[in-house]
Each structure stands twice: as structure tokens, then as C-alpha cells.
Amino acid sequence: MRVKIPGRCFSLRSVLRDSLMLLAGTVMGILLSRAIFDVRGSPTSRQLALSKRLTALPDTYTTAAVRLAITAASIPDNESSSELWIQEEEATKVVLGSAGAGPPVVNSALVHQQRARTAGGKDVISMQKRPKTLAEELGGNMKRPLFVGVVTSKKLLPTRGVAINKTWGQTLGQNIRFFSSANTHPLPNLPVVSLPGTDDTYPPQKKVYRMLKYMYDHFINQYNWFMRADDDLYVRVGPLVEFLSTLDPSTDLYIGQPGIGKPDDWERIQLYPNEHYCMGGPGVVLSRSLLVKLAPHLEECLGNVVVSWNEDLEVGRCIMRRLAIQCTWSYELKDKFYQDYSMGEIFNSSDVYHNQKLQNILTLHPLKSPRLMYRVHQFFLELALSRAESKAEHVHWDLEKISALTGKGHAFS
């Protein structure tokens, strides 16, 4: 016999069979819940015992009610069993409320309520709101790419500091801080950190060590890379972040232009053969992994290991001697973290627009005057615009080719 409903046709036998199977699955879930509740031991042991029983059942009987028995297995030994009976009753409602032909259509709202049911005020399975973004879902496991600390002083903050903040610093937004001596007064729209116990003595030995410690204390779980920059450094933030994205921040990386000192200065700086540190001027980048390992040694290195007054060398010595990590050594990094020994003379001619090496750098040092900082920023903006226009031309050519194939001026006009 078949039952006819407009648009559907059911066999009475199949309806009766599916209803009986649903009811059997529900009863089986209740029996399993009660049986497993009698198993002594931790909630985990109950769940394991229940899983073994479930695997012995045909798939047809492993309905929502049976799976919900796992919730009962999560209740600790010292909790009231009355909560279990409530769970069983609601499990029955969940399944029987969806009885009909075909597979059970589980009421997801009731299932979430059932899983959120608590025993003695304690969550059995927490009900969580679905996150809107991946960053919200991953929480601390999703980090921003780069944090930059600029070493400056009370005197230079209103000039060089402001120039950085109006040029490449804008690209970083909240991912940059200007580190100055104790009692430095903040300036409008300039994120300044006044480091206690430091002054503006040059070289900024203590200031840099304290800055690295501040980065670790406040930002270590928020970023993958940490950069130490002078206030006369220009940084091409986009290309630098793109370059760093090809590297692994979970490895110990000490990145910059390598230095070994001048031969007539080797006796004073006391480097071992084959040791090389990252020169501070063109900028130094530390991976998160390296900063985590370096942080416990910073105070010790500052107090006991300083041999020279070359701040970048001494930080390098601390990294090399305590962690056995040396600055990157490849020729490529010498060209990426660029030290301009002409002191700005390269910008006195229009030939700069044809300087291929300069167009591929990541950082440029030194730019002593704010005016030169602004002009260099203008130069790299012009370069970025030229490359964007060239890319737009290629996109236009590709568009013309595909339009010829579709025969349409607009894809869906």
C-alpha cells in the first residue's frame, strides 16, 4: 500500500520501518547512557567504553540520540544522576520530534541545547557562538607580520620621529613605536614609549636592550617578526613584509646586513674568527622564535658582556655567544638592507631613477634630515605608481584577449 501526498509518494511499509528504527535507536541511546553512567572512572574512560559499544552497532542505529549518550559519559562521578535523565528525555524529543520517512532530520537547536546542558553547574560540552572571522576563531594563533621599534631621543623625536611617522611609519599603523629615554613627553599622533632608567647617551646601549625586552614583554604573542630601526632609517614596509613572508618565524633568524668590523678595530671589538653581527644602521630583524630565546639573556648581556660601545655589535655578541646564532651572511642581504656610504649623494642626480639596485632594496640608511626622508619617500611612491601602471597595462591586455573570446564588452552586461 502506498500513501499519496501531493508531490510525494510513500510506502506505508517503509514509513513504519523507518519509524521503528528511529525508536529503536532512541531506546538504545537511553540504555547506553544509563549503562555507561554506571562505569566508574573518569569521564574519558566512560567515553572510551561508550565508543566501543557504539562501534558494535549498525550505522542505522547510531542516531542523534545514541551519539548524545556521549554527553552523559562526560558527567563526573560525583554529580547527580538526575541530570542524566533530563538529558535522555531531551534526546528522545530531539529524535522523535523529527520522526518520518528517510534519515532523521535532527533539530540542531535542540542538539546544541542538549550538549550545553550542565551537570552541577559545570559545562559538559560548551556551547560556543560561531566566530565571524578566522582571526577570532584562531585567537592567539594568528599573528601580525611585523612590529618595528624605532630608537630615538628627546631631541630628535620632533624632527626625525615626525618625519618617519609621516612617511613609511604610516604604512605600519599601530605596529610601530618610538623608543626614547625616561621622561620623554609624548607628541600628538606619535606612539612614544619612554623607557625608565635610560637616557639619550650615544650609542644607545641600554636603550636598545630595554627596547628588546619591552617588545618581548608586550608583543611577543602578537607578531612574527620584530625590527630594530634607527630614526634615520627608511623602510619599504610592503616589500619587507613580503620578503619576511617567505621565511619561517618559528626558526631562529637574525636578519640584516652582516658586519665584522674594520681590521684596525678588531682588537678592540674582540670578535672571534668567523663571527659576524648585524649592523644596526640598515635595520635588524629578529624572528619571534629568536626573541623568545634572547629575552632571558638581555639583562645579563647588558651588565656583564659589553666589551665595546658599539651597541649593534654588543647585541650581536649576546646573540652569538648565548644562542650560537649569527647574522645572515649572504650577499643578497647586503643589497636588501642597504647602507648608503655616499651619505645621500646618490639622490643628487636623476640617475637615481635608473638605479636598479636601489629600486630593489628593503631599507636605506642613513637619512639624516627630515627633508631627505620626505624626498626618498616621494621617490619610492613614484616607483610604486609606475609599477602599478605597468601592471594595469598587462591586465588591460589580458582583458582585451578574453573579451575577444566572449564577444562581450562586459562579462555580464
# chains A, B, ... in the order shown; residues from 1 in each chain; ligands from 1

$ closest_atom_pairs --of "stretch 329-411 of chain A" --to "stretch 144-162 of chain A" --cutoff "10 Å" --atoms "only C-alpha atoms" --output "CSV"
residue,atom,partner,partner_atom,distance
A:Leu367,CA,A:Arg160,CA,9.1
A:Lys368,CA,A:Arg160,CA,7.8
A:Ser369,CA,A:Arg160,CA,7.1
A:Pro370,CA,A:Arg160,CA,5.6
A:Arg371,CA,A:Arg160,CA,9.4
A:Met373,CA,A:Arg160,CA,8.4

$ select_by_dssp --residues "stretch 146-302 of chain A" --states "alpha helix (DSSP H)" --output "PyMOL selection string"
chain A and resi 162-166+169-172+205-219+237-244+266-269+288-294+298-302

$ residues_around --residues "stretch 207-209 of chain A" --least-positions-apart "3" --cutoff "8 Å" --atoms "only C-alpha atoms" --output "ChimeraX atom specification"
/A:151,179-181,195,198-199,204,212-213,298-299,302,311,315

$ atom_distance --atom1 "atom CA of A:Leu364" --atom2 "atom CA of A:Leu233"
5.9 Å

$ atom_distance --atom1 "atom CA of A:Val352" --atom2 "atom CA of A:Asp340"
12.8 Å

$ select_by_dssp --residues "stretch 200-411 of chain A" --states "strand (DSSP E)" --output "JSON, numbers by chain"
{"A": [223, 224, 225, 226, 227, 228, 229, 230, 234, 235, 254, 255, 258, 259, 277, 278, 284, 285, 286, 287, 337, 338, 339, 363, 364, 365]}

$ atom_distance --atom1 "atom CA of A:Leu244" --atom2 "atom CA of A:Ile361"
13.5 Å

$ residues_around --residues "A:Asn189" --least-positions-apart "3" --cutoff "12 Å" --atoms "only C-alpha atoms" --output "NGL selection string"
:A and (158 or 161-162 or 164-166 or 169-170 or 173-174 or 176-178 or 186 or 192)

$ closest_residue --among "A:Leu291, A:Ile220, A:Leu247, A:Val284" --to "A:Tyr338" --atoms "only C-alpha atoms"
A:Val284

$ closest_residue --among "A:Ile260, A:Met211, A:Leu172, A:Ala404" --to "A:Arg236" --atoms "only C-alpha atoms"
A:Leu172
